[in-house]
Amino acid sequence: VSGRGVVKPASLLLPLLCLVASCRAPAADAAAEEGPLVYALLPLRNLTPHQDMPGLLNGRVRGLLAARGAEFVREDQLEEILQRRRIRYVDTVSAASARVIAEETGADYLLLGTLIAYDAAYPPRIAHSSRVLDAADVRCLQSALVALSGDDFTGLLGLGTVEDVDSLAWEVVARVGDMFDEEARPVPPRADPLRLVHALPRPGHTQMRYVEPGFELGPGSRVVVLPFENRSAYPQVGLLYVDVLAHAWLQTLGIETVETAELLDALVRARVRSLDEIDPDVLDDIVASVGARYAVYGTVEYFEPEVPVFDDLYPELEVWLRLVDSETGEFAAGAGLRHRGDDFHRGLGLGSERDPVRLGLTTARELLATLSL
């Protein structure tokens, strides 16, 4: 409890995890006899001007998983590999780079992500995305997208608000920890298409919808999501929305998005210098070469994190996407949606969305529902 009487629910998380880990039965399971899991924890890509929070979050994630029995590649050893391999973009990894890391360090999994937003002012705010990749083939095994504000915890009479950013960071780490079981293994995502039924957009928000008869994506499918064309004034939004859409697809339908670095490697092998000038047939071959059938083209038509509405501020977003079948070269499906945070307003002021990352995720789910149902 802080001096202002605010409960910090996650402040004792790491000591508690350590206690639980120390009390496990000696013969937990057969997997434990194989030795501890080894993670390569890559530095977070940092989209904020604050330099300390990425290291703080990664350090706490490391402590959480270590308490469950995981081991980690030494930071200096990993840094040396990243420099030698000239891996500049730490939020995505190709299969070739992953194999080098695995062979030289013994890593079983790669853990990587992005610090999207950070604001320590009251109420504090943190937005963070992360993925667990199999080091053998860079398949995405689990993902998390966490966007929290201190006032998300405000209950009756205004109690419960998280007032300091350190406590909020613990909450973020706890939710990242949900990607793993008690033995620090990635928990397989539970694809549940029924969740999309509740994500169907209400009339008036859909800009476009087309689905070719016979089009269907199911668990285990792979798609290539090309960097979104960004027509907003915020340069990172186009790349970020690839991660948002990938997370939504994995968690709702069990569909995996090919790592951006894997796509870039395939483009280099094909001697493609620009996606703007690529021959469609060549792109179809590249999509097939990475084990996917559909290429996803997207556009962020409009994005503003704060749009004034009467006496309040809400984020607003318009996204379009279309899928091209690499086997036929034909347009297979497409959808477009526009949302503002107060579109979800209900009685007593409930339901409105003021966080742009969460609005982006809601819009992604609705796009997928529009294409799938």
# chains A, B, ... in the order shown; residues from 1 in each chain; ligands from 1
>>> residues_around(residues="Pro235 in chain A", least_positions_apart="4", cutoff="12 Å", atoms="only C-alpha atoms", output="JSON, numbers by chain")
{"A": [47, 227, 228, 229, 230, 231, 239, 240, 241, 300, 302, 303, 304]}
>>> select_by_dssp(residues="range 238-318 of chain A", states="strand (DSSP E or B)", output="number ranges by chain")
A: 256-257, 294-309, 312-318
>>> write_last_selection(atoms="N, CA, C and O atoms", output="compact mmCIF listing (two decimals), in the first residue's frame")
# COMPACT_ATOMS: atom_id res chain seq x y z
N GLU A 256 -1.04 -17.96 -37.85
CA GLU A 256 0.29 -17.39 -37.59
C GLU A 256 0.69 -16.43 -38.69
O GLU A 256 0.50 -16.71 -39.88
N THR A 257 1.27 -15.31 -38.30
CA THR A 257 1.79 -14.33 -39.24
C THR A 257 3.30 -14.54 -39.38
O THR A 257 4.02 -14.65 -38.39
N TYR A 294 -1.66 -16.64 -48.27
CA TYR A 294 -2.27 -15.33 -48.47
C TYR A 294 -1.30 -14.21 -48.09
O TYR A 294 -0.62 -14.28 -47.07
N ALA A 295 -1.25 -13.20 -48.95
CA ALA A 295 -0.54 -11.96 -48.64
C ALA A 295 -1.58 -10.93 -48.23
O ALA A 295 -2.60 -10.76 -48.89
N VAL A 296 -1.30 -10.23 -47.14
CA VAL A 296 -2.23 -9.24 -46.60
C VAL A 296 -1.67 -7.86 -46.84
O VAL A 296 -0.57 -7.53 -46.40
N TYR A 297 -2.40 -7.04 -47.58
CA TYR A 297 -2.05 -5.65 -47.82
C TYR A 297 -2.95 -4.79 -46.94
O TYR A 297 -4.16 -5.03 -46.86
N GLY A 298 -2.39 -3.80 -46.29
CA GLY A 298 -3.20 -2.97 -45.42
C GLY A 298 -2.87 -1.50 -45.56
O GLY A 298 -1.78 -1.12 -46.01
N THR A 299 -3.81 -0.69 -45.13
CA THR A 299 -3.63 0.76 -45.12
C THR A 299 -4.21 1.33 -43.84
O THR A 299 -5.35 1.00 -43.48
N VAL A 300 -3.42 2.12 -43.13
CA VAL A 300 -3.96 2.93 -42.04
C VAL A 300 -4.38 4.24 -42.70
O VAL A 300 -3.56 5.12 -42.97
N GLU A 301 -5.67 4.35 -42.97
CA GLU A 301 -6.20 5.51 -43.67
C GLU A 301 -6.20 6.75 -42.78
O GLU A 301 -6.00 7.87 -43.26
N TYR A 302 -6.44 6.53 -41.50
CA TYR A 302 -6.55 7.67 -40.59
C TYR A 302 -6.22 7.21 -39.18
O TYR A 302 -6.64 6.12 -38.75
N PHE A 303 -5.45 8.02 -38.46
CA PHE A 303 -5.19 7.73 -37.05
C PHE A 303 -4.90 9.04 -36.32
O PHE A 303 -4.08 9.84 -36.75
N GLU A 304 -5.60 9.22 -35.21
CA GLU A 304 -5.32 10.31 -34.29
C GLU A 304 -5.49 9.77 -32.87
O GLU A 304 -6.53 9.19 -32.56
N PRO A 305 -4.48 9.94 -32.00
CA PRO A 305 -4.61 9.41 -30.63
C PRO A 305 -5.59 10.19 -29.78
O PRO A 305 -6.13 9.64 -28.80
N GLU A 306 -5.85 11.46 -30.11
CA GLU A 306 -6.78 12.26 -29.31
C GLU A 306 -7.58 13.18 -30.23
O GLU A 306 -7.04 14.10 -30.83
N VAL A 307 -8.87 12.87 -30.33
CA VAL A 307 -9.78 13.69 -31.12
C VAL A 307 -10.78 14.33 -30.16
O VAL A 307 -11.44 13.61 -29.39
N PRO A 308 -10.92 15.67 -30.15
CA PRO A 308 -11.87 16.29 -29.23
C PRO A 308 -13.31 15.99 -29.62
O PRO A 308 -13.71 16.14 -30.77
N VAL A 309 -14.09 15.54 -28.62
CA VAL A 309 -15.52 15.28 -28.79
C VAL A 309 -16.22 15.92 -27.60
O VAL A 309 -16.12 15.44 -26.47
N ASP A 312 -14.41 15.95 -24.14
CA ASP A 312 -13.56 14.78 -23.89
C ASP A 312 -12.68 14.52 -25.11
O ASP A 312 -12.84 15.15 -26.17
N LEU A 313 -11.73 13.58 -24.96
CA LEU A 313 -10.80 13.21 -26.01
C LEU A 313 -10.84 11.71 -26.24
O LEU A 313 -10.84 10.93 -25.28
N TYR A 314 -10.87 11.31 -27.52
CA TYR A 314 -10.91 9.90 -27.86
C TYR A 314 -9.97 9.63 -29.03
O TYR A 314 -9.80 10.48 -29.91
N PRO A 315 -9.39 8.41 -29.09
CA PRO A 315 -8.62 8.05 -30.28
C PRO A 315 -9.57 7.72 -31.44
O PRO A 315 -10.73 7.35 -31.22
N GLU A 316 -9.05 7.88 -32.66
CA GLU A 316 -9.85 7.53 -33.85
C GLU A 316 -8.94 6.84 -34.86
O GLU A 316 -7.78 7.21 -35.03
N LEU A 317 -9.50 5.84 -35.55
CA LEU A 317 -8.70 4.98 -36.42
C LEU A 317 -9.54 4.46 -37.57
O LEU A 317 -10.70 4.08 -37.38
N GLU A 318 -8.96 4.48 -38.77
CA GLU A 318 -9.58 3.82 -39.92
C GLU A 318 -8.55 2.92 -40.58
O GLU A 318 -7.45 3.37 -40.92
>>> closest_residue(among="A:Gly106, A:Gly69, A:Pro123, A:Gly204", to="Glu182 in chain A", atoms="only C-alpha atoms")
A:Gly69
>>> closest_residue(among="A:Gly218, A:Pro186, A:Pro124, A:Gly155", to="Glu171 in chain A", atoms="only C-alpha atoms")
A:Pro124
>>> residues_around(residues="Pro213 in chain A", least_positions_apart="5", cutoff="12 Å", atoms="only C-alpha atoms", output="ChimeraX atom specification")
/A:331-333,371-372
>>> select_by_dssp(residues="range 112-316 of chain A", states="helix (DSSP H, G or I)", output="ChimeraX atom specification")
/A:150-153,156-158,165-179,194-197,237-253,260-269,275-277,280-289
>>> closest_residue(among="A:Val357, A:Ile101, A:Ala127, A:Val93", to="Leu245 in chain A", atoms="only C-alpha atoms")
A:Val357
>>> closest_residue(among="A:Arg45, A:Phe310, A:Tyr39, A:Ala369", to="Val73 in chain A", atoms="only C-alpha atoms")
A:Tyr39
>>> closest_residue(among="A:Leu263, A:Leu321, A:Val38, A:Val165", to="Leu111 in chain A", atoms="only C-alpha atoms")
A:Val38
